[in-house]
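Report on the following structure.
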2 protein chains.
Amino acid sequence: MIRRLSQPRERGIPEATVARLPLYLRALNGMSERGLATVSSEDLAHAAGVNSAKLRKDLSHLGSYGTRGVGYDVEYLIYQISRELGLTQDWAVAIVGVGNLGRALANYGGFVSRGFRIAALLDADPDVVGDHIAGLNVEHIDELETVIRQRGVSIVVLATPATAAQQVADRVVAAGVTSILNFAPVVLSVPEGVDIRKVDLSIELQILAFHEQRKMDRMTGGAAMAEEWPEAVDL
Amino acid sequence: MIRRLSQPRERGIPEATVARLPLYLRALNGMSERGLATVSSEDLAHAAGVNSAKLRKDLSHLGSYGTRGVGYDVEYLIYQISRELGLTQDWAVAIVGVGNLGRALANYGGFVSRGFRIAALLDADPDVVGDHIAGLNVEHIDELETVIRQRGVSIVVLATPATAAQQVADRVVAAGVTSILNFAPVVLSVPEGVDIRKVDLSIELQILAFHEQRKMDRMTGGAAMAEEWPEAVDL
DNA sequence: TAGATTGTTAATCGATTAACAATC
DNA sequence: TAGATTGTTAATCGATTAACAATC
């Protein structure tokens, strides 16, 4: 049975919809804090930065949780989206690699928010092991498998150097983890059934540069840049 | 004239293709370092983690840079993709917000890679201003407009707290910046023509949790979770 | 020439959007 | 009832993929 890595449906929620549910949830939480009881698709869509047709289509995949002529009950919708995303249970997260980025992630408020709990910080550097960061003791990478099993870690965040990422990925997968958030700038190779999401800062910058360049081309009257391989460049 | 924010084509390169070009570039750089002269679409696609049909389709949007029966010249393709992405010029980047994340970004090697140069680090906290990070002096946020104009900053990275992000975005847009990489967990509102890319750690985690939950449902025989709003919950 | 591999075609699939009937 | 707003339909658009003719 061949299945592609990121399997879209199960109870049939499109991947594009799943990726937007967290946005709706965040907007709804803000409304909840401000004491709003109900919200229309128009207002919620605006707060989340999408158009209202898309929002209604997305929510329709979860069920019929709105009321025609009225809108959506804020608290009820928060609950339904949270449940759909699996945030009504508690996920133990391990962060591997406690350099600048790992520290930033450990201290990032959004991480410890609803549904997630940092269960371990691990690093290979003896100088870092033993440090206290965000209320946690940094443990040695040798403890990786033990920590994963004993603390029920189901999501691992890779904030290691690029050179170490594949090796750590192999180990966490062998230990049974099937969800990895990868900050290392490498393409990880993992078995089918393991979900990887990748956050890549330099890729985001490069995409911005592409669009920025187009804007500048436009402003300078689309000055035709040399299309040819410059003669001077040494191959 | 109404145009959507992220305008896909100009010389007609699909947005999905643009987002993959950095992956190809990274794989090609690795091959260049290992001394490979040419590469087939099959091998390059494998290294980048996509299928070869998609790779060839993507590259065909840039031009005909391959040789049938042979493959692609590694150095030549690096040059063509770099040029397309605008990496043959130098982009001055300012990082606003020098907390844990801002420090991590400033020290992140990929940032200072080909095409990008950190031109300024800015923060509002007087205790942070004056710190030396990654060889740069942290400057006060009051200098934002001056720094942007004098140093030709064209890309701003927002690593501020969520509460400050919109205000800073307004200021950098007013100063003429049209490309923003936003790490703050808020939906920024910006005028048409300003490109925003968003990196959101908690959203990535939530998407992973969704898939993880599905896998667990499957393993436990799809144990039907309560679909209904629990009676006990207090609205 | 024979073998290899690109660039393109065309079919398919998934996502977006406007419009509106259903219904509160 | 009249007004408001959802949930769904259907059209459109863009992305993916396999297959293969072109051609080195």
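Residue names in the structure tokens use chain letters A, B, ... in the order shown, residue numbers from 1 in each chain, and ligand numbers from 1 in the order shown.
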Could you give me, as a Markdown table, a per-residue list for chain B showing, wherever an atom lies at most 9 Å from an atom of chain D, the closest pair of atoms and their distance in Å to one decimal, using only C-alpha atoms (C1' of nucleotides) and sorting by chain then residue number from low to high?
```
| residue | atom | partner | partner_atom | distance |
| --- | --- | --- | --- | --- |
| B:Pro14 | CA | D:DG14 | C1' | 8.5 |
| B:Ala16 | CA | D:DA15 | C1' | 7.6 |
| B:Asn51 | CA | D:DT17 | C1' | 9.0 |
| B:Ala53 | CA | D:DT17 | C1' | 6.9 |
| B:Lys54 | CA | D:DT16 | C1' | 7.2 |
| B:Thr67 | CA | D:DC24 | C1' | 6.4 |
| B:Arg68 | CA | D:DC24 | C1' | 4.9 |
| B:Gly69 | CA | D:DC24 | C1' | 5.2 |
| B:Val70 | CA | D:DC24 | C1' | 7.0 |
```
For this session: Using only C-alpha atoms, find the residues of chain A whose closest atom to chain B is at most 6 Å away, then write them as number ranges by chain.
Result: A: 22, 85-86, 100-101, 104, 110-111, 202-203, 209-210, 213
Exercise. Per DSSP on the backbone, what are the strand (DSSP E) residues of segment 38-159 of chain B, as JSON, numbers by chain?
Worked result: {"B": [38, 39, 66, 67, 71, 72, 73, 91, 92, 93, 94, 95, 96, 116, 117, 118, 119, 120, 121, 122, 123, 132, 133, 136, 137, 138, 139, 140, 153, 154, 155, 156, 157, 158]}
For this session: Give the helix (DSSP H, G or I) residues of segment 171-201 of chain B, as DSSP finds them on the backbone, and put them as an NGL selection string.
Result: :B and (171-174 or 201)
Problem set entry | Shell around Ser52 of chain B at 8 Å using only C-alpha atoms (C1' of nucleotides), local window under 6 positions removed, as a PyMOL selection string | chain B and resi 41-42+44-46
Export N, CA, C and O atoms of the chosen residues as a PDB file, in the first residue's frame?
```pdb
ATOM      1  N   SER B  41      17.512  15.660 -13.393  1.00  0.00           N
ATOM      2  CA  SER B  41      16.323  16.113 -12.672  1.00  0.00           C
ATOM      3  C   SER B  41      15.950  15.087 -11.598  1.00  0.00           C
ATOM      4  O   SER B  41      15.486  15.453 -10.519  1.00  0.00           O
ATOM      5  N   GLU B  42      16.187  13.838 -11.911  1.00  0.00           N
ATOM      6  CA  GLU B  42      15.874  12.771 -10.954  1.00  0.00           C
ATOM      7  C   GLU B  42      16.688  12.939  -9.663  1.00  0.00           C
ATOM      8  O   GLU B  42      16.133  12.930  -8.561  1.00  0.00           O
ATOM      9  N   LEU B  44      18.432  15.631  -8.600  1.00  0.00           N
ATOM     10  CA  LEU B  44      18.212  16.907  -7.932  1.00  0.00           C
ATOM     11  C   LEU B  44      16.869  16.902  -7.193  1.00  0.00           C
ATOM     12  O   LEU B  44      16.766  17.376  -6.057  1.00  0.00           O
ATOM     13  N   ALA B  45      15.864  16.332  -7.853  1.00  0.00           N
ATOM     14  CA  ALA B  45      14.547  16.245  -7.228  1.00  0.00           C
ATOM     15  C   ALA B  45      14.629  15.434  -5.943  1.00  0.00           C
ATOM     16  O   ALA B  45      14.082  15.831  -4.902  1.00  0.00           O
ATOM     17  N   HIS B  46      15.349  14.335  -5.997  1.00  0.00           N
ATOM     18  CA  HIS B  46      15.493  13.493  -4.812  1.00  0.00           C
ATOM     19  C   HIS B  46      16.147  14.278  -3.676  1.00  0.00           C
ATOM     20  O   HIS B  46      15.683  14.236  -2.533  1.00  0.00           O
TER      21      HIS B  46
END
```
For this session: Show which residues sit within 7 Å of Gly130 of chain A, as a VMD selection string. Count only C-alpha atoms (C1' of nucleotides), and ignore same-chain residues fewer than 3 positions away.
Result: chain A and resid 137 to 139
Kindly save the residues from that selection, with all heavy atoms included, as a compact mmCIF listing (two decimals), in the first residue's frame.
```
# COMPACT_ATOMS: atom_id res chain seq x y z
N ASN A 137 15.56 21.70 33.14
CA ASN A 137 16.94 21.30 33.21
C ASN A 137 17.34 20.73 31.83
O ASN A 137 16.66 19.84 31.32
CB ASN A 137 17.08 20.23 34.31
CG ASN A 137 18.52 19.89 34.57
OD1 ASN A 137 19.38 20.76 34.52
ND2 ASN A 137 18.78 18.62 34.85
N VAL A 138 18.41 21.22 31.25
CA VAL A 138 18.85 20.68 29.96
C VAL A 138 19.52 19.33 30.19
O VAL A 138 20.45 19.22 30.98
CB VAL A 138 19.82 21.63 29.23
CG1 VAL A 138 20.30 21.00 27.93
CG2 VAL A 138 19.17 22.98 28.98
N GLU A 139 19.03 18.31 29.47
CA GLU A 139 19.56 16.95 29.65
C GLU A 139 20.44 16.56 28.47
O GLU A 139 20.37 17.16 27.39
CB GLU A 139 18.38 15.99 29.81
CG GLU A 139 17.58 16.31 31.08
CD GLU A 139 16.25 15.57 31.15
OE1 GLU A 139 16.22 14.46 31.67
OE2 GLU A 139 15.24 16.13 30.66
```
Exercise. Can you tell me how far atom CA of Ile13 of chain A sits from atom CA of Thr220 of chain B, in Å to one decimal?
Worked result: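 Those two atoms sit 19.9 Å apart.
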Exercise. When you draw a straight line from atom CA of Ala162 of chain A to atom CA of Gly30 of chain B, how long is it in Å?
Worked result: 12.3 Å
For this session: Show which residues sit within 9 Å of Val147 of chain A, as a PyMOL selection string. Count only C-alpha atoms (C1' of nucleotides), and ignore same-chain residues fewer than 3 positions away.
Result: chain A and resi 94+119-120+143-144+150-153
Keeping only all heavy atoms, take the residues you just selected and write them out as a CSV table (one decimal), in the first residue's frame.
```csv
chain,number,residue,atom,x,y,z
A,94,ALA,N,9.4,17.6,23.1
A,94,ALA,CA,10.9,17.7,23.4
A,94,ALA,C,11.6,18.5,22.4
A,94,ALA,O,11.3,18.4,21.2
A,94,ALA,CB,11.5,16.3,23.4
A,119,ALA,N,8.4,18.9,27.6
A,119,ALA,CA,8.7,17.9,28.5
A,119,ALA,C,10.2,17.7,28.7
A,119,ALA,O,10.6,17.0,29.7
A,119,ALA,CB,8.0,16.6,28.0
A,120,ALA,N,11.0,18.2,27.7
A,120,ALA,CA,12.4,18.0,27.8
A,120,ALA,C,13.2,18.9,26.9
A,120,ALA,O,12.7,19.3,25.8
A,120,ALA,CB,12.8,16.5,27.5
A,143,GLU,N,20.1,10.8,26.7
A,143,GLU,CA,18.9,10.4,27.4
A,143,GLU,C,17.7,10.4,26.5
A,143,GLU,O,16.6,10.2,26.9
A,143,GLU,CB,18.6,11.4,28.5
A,143,GLU,CG,19.8,11.6,29.5
A,143,GLU,CD,20.0,10.2,30.3
A,143,GLU,OE1,19.0,9.5,30.6
A,143,GLU,OE2,21.2,9.9,30.5
A,144,LEU,N,17.9,10.8,25.2
A,144,LEU,CA,16.8,11.0,24.2
A,144,LEU,C,15.8,9.9,24.3
A,144,LEU,O,14.6,10.2,24.5
A,144,LEU,CB,17.4,11.1,22.8
A,144,LEU,CG,16.4,11.4,21.7
A,144,LEU,CD1,15.7,12.8,21.9
A,144,LEU,CD2,17.2,11.5,20.3
A,150,GLN,N,9.7,7.6,28.6
A,150,GLN,CA,9.2,7.7,29.9
A,150,GLN,C,8.2,8.9,30.1
A,150,GLN,O,7.3,8.9,30.9
A,150,GLN,CB,10.4,7.9,30.9
A,150,GLN,CG,11.2,6.7,31.2
A,150,GLN,CD,12.2,6.8,32.2
A,150,GLN,OE1,12.5,7.9,32.7
A,150,GLN,NE2,12.8,5.7,32.6
A,151,ARG,N,8.4,9.9,29.2
A,151,ARG,CA,7.6,11.1,29.4
A,151,ARG,C,6.5,11.2,28.3
A,151,ARG,O,5.8,12.2,28.2
A,151,ARG,CB,8.4,12.4,29.4
A,151,ARG,CG,9.4,12.4,30.5
A,151,ARG,CD,10.3,13.6,30.6
A,151,ARG,NE,11.5,13.2,31.4
A,151,ARG,CZ,12.6,14.0,31.4
A,151,ARG,NH1,12.6,15.1,30.8
A,151,ARG,NH2,13.6,13.6,32.1
A,152,GLY,N,6.4,10.1,27.5
A,152,GLY,CA,5.4,10.1,26.5
A,152,GLY,C,5.5,11.2,25.4
A,152,GLY,O,4.5,11.8,25.0
A,153,VAL,N,6.7,11.5,25.1
A,153,VAL,CA,6.9,12.6,24.1
A,153,VAL,C,6.3,12.2,22.7
A,153,VAL,O,6.7,11.1,22.2
A,153,VAL,CB,8.4,13.0,23.9
A,153,VAL,CG1,8.6,13.9,22.7
A,153,VAL,CG2,8.9,13.6,25.2
```
